[in-house]
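Participant: A single structure is presented below for examination.
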Amino acid sequence: MRDPGRCMDGSFLYLSLETWKYISMPVISAVVGYVTNVVAIKMMFHPIEFIGVWKPWLGWQGIVPRKASKMTGISVDTITESLITEAEIFNRLDPARVADELEEPMIALTDEITDTVMKRHHPTLWEAMPLVVRSQVKRRVRAQAPTIIRELMNEVRTNVRYMFDLKGMITRVLVREKNLLNRIFLETGRNEFIFIGRSGAYFGFAFGIVQMLIWVFFQAWWLLPLFGLLVGWATNWLALKMIFNPKKPLRIGRFKIQGLFFKRQQEVAADYGSLVATQILTPQNILEEILTGPYAEKLFALVQTEVQRAIDSSASVARPFVTWTLGSADYERIKAEAVREVVARMPETLSHMTGYAEDAMAIQETLITRLQNLTPLQFEGMLRPAFEEDEWILIAVGAALGLAVGWFQLIVLFSSVFVDRFGGIPGFG
């Protein structure tokens, strides 16, 4: 057996090449532990789209993007079942306050639509109509605007489940913005992922010391590949266990042990709540869902009824003159076009209330508070699915990389052992 500690020139400052090989073993093991864990994390989330030649066998796609539909479902269930509901969102909006917020843009809208539609169909008649009559028609239409808004808001709040699909909205946002699902897991578990990488180095170094001590006395050719495999496997497995176990604090003497994810519940809740509130449950996304989602037709039918009623009421002062001049059919056609104009301008008009809606809904504050109060089992459901899905693949990849490095150590650093067992490397003499 070789002397690992023989010094050159009799000085401890100069170590033999053989000694450096031994010292390198825990260092290499630490690097293997770190790299395999970091690679495993990267493989969870990247690439977003499949890269390879034969899906799904020859190539790779990040586990989270590949399981996007299931991951999205888990995120949606977490938000809608544990954190906030459609009714809560809309019940926080005061119909009267919404009407106040939209009063100015609605006045401008009604004036513009009245002029546009009448000039488009009967410019001569509209210009010939006495100015006082035209002004009174506009004033009455304006006066109806707040009533329309309040009625619409009350109707939406009463039948919110039939007019707004919260689950569908969250799903569509996450499907449309594929990277957003990755962000939910990456930002929520930011510290945990850093720990996984670092713990790989710590555990790897410890395994490397054991490996070095054994190698001093027992130099079987299979020992280095075996230890490499064990380091790659064990560092991933141990890191995952330490993140999620134990769920509740466990006291051992003066020490308190708890899974890192649960220990950071207050901080994670703030990150998750902020991300969801600013990227998913935004007033803009909610508004878009109302106006373009599967229940949009119900809302537009309601708008049509209310606007037609308002037009009839507002135009009553000029109705005899208009119907005598145009006829009832033409009046109904003009009224229908006015309704279509109102519906077409709704997104622009309703956008004026997003500032008030964001304050009134208080979605971010609600999410954070409720996340902080979740039970450990409920809280685990936020991040654990990202690890559970095909977790064995991540551990297997770590083991495979560790095995490859173990063979590298055997062939390059301790080539004499390799040659004694296998007689040399093919193609290298």
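Chain labels follow the order of the structure tokens: the first chain is A, the next B, and so on; residue numbering restarts at 1 in every chain, and ligands are counted from 1 in their shown order.
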Using 10 Å as the limit and counting only C-alpha atoms, can you tabulate each residue of stretch 167-203 of chain A that touches stretch 281-302 of chain A, with its shortest atom-to-atom distance in Å and the two atoms involved, as a tab-separated table?

Facilitator:
```
residue	atom	partner	partner_atom	distance
A:Gly168	CA	A:Gly293	CA	8.3
A:Met169	CA	A:Glu289	CA	6.0
A:Ile170	CA	A:Leu281	CA	7.4
A:Arg172	CA	A:Glu289	CA	9.2
A:Val173	CA	A:Asn285	CA	7.9
```

Participant: Could you name the residues that touch stretch 247-259 of chain A at 10 Å or less, counting only C-alpha atoms, but leaving out those on the same chain fewer than 2 positions away, as an MDAnalysis selection string?

Facilitator: chainID A and resid 192 240:245 261:264 375:377 379:380

Participant: What is the atom CA of A:Gly398-atom CA of A:Phe414 distance in Å, reported with one decimal?

Facilitator: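 If I compute the distance from atom CA of A:Gly398 to atom CA of A:Phe414, I get 22.8 Å.
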
Participant: Considering only C-alpha atoms, state which residue in the set A:Leu367, A:Val405, A:Ile41, A:Val268 is at the smallest distance from A:Ile194.

Facilitator: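 Nearest candidate to A:Ile194 out of A:Leu367, A:Val405, A:Ile41, A:Val268: A:Ile41.
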
Participant: Between A:Glu49, A:Glu177, A:Glu104, A:Asp420, single out the one closest to A:Thr72, counting only C-alpha atoms.

Facilitator: A:Glu177

Participant: Check the smallest atom-to-atom distance from each of A:Ala201, A:Leu371, A:Val412, A:Ala234 to A:Ser82 using only C-alpha atoms, then report the winner.

Facilitator: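 Nearest to A:Ser82: A:Leu371.
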
Participant: Taking into account only C-alpha atoms, which residue in the set A:Ala220, A:Ala68, A:Leu17, A:Ala40 is nearest to A:Phe418?

Facilitator: A:Ala220

Participant: Which one is closest to A:Val160: A:Leu350, A:Ala87, A:Ala99, A:Ile363? Count only C-alpha atoms.

Facilitator: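 Closest to A:Val160 of all the choices is A:Ala87.
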
Participant: Which value, in Å to one decimal, gives the distance between atom CA of A:Arg384 and atom CA of A:Gln266?

Facilitator: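 Interatomic distance, atom CA of A:Arg384 to atom CA of A:Gln266: 16.9 Å.
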
Participant: From the list A:Ile23, A:Leu109, A:Gly402, A:Phe45, which residue is nearest A:Leu229 when using only C-alpha atoms?

Facilitator: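 Result for the nearest residue to A:Leu229: A:Gly402.
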
Participant: Can you list, as a PyMOL selection string, every residue of stretch 130-253 of chain A that DSSP puts in helix (DSSP H, G or I)?

Facilitator: chain A and resi 131-158+160-163+166-176+178-188+190-217+223-244

Participant: Rounded to one decimal, what separation in Å do you get between atom CA of A:Tyr22 and atom CA of A:Phe217?

Facilitator: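 Interatomic distance, atom CA of A:Tyr22 to atom CA of A:Phe217: 11.9 Å.
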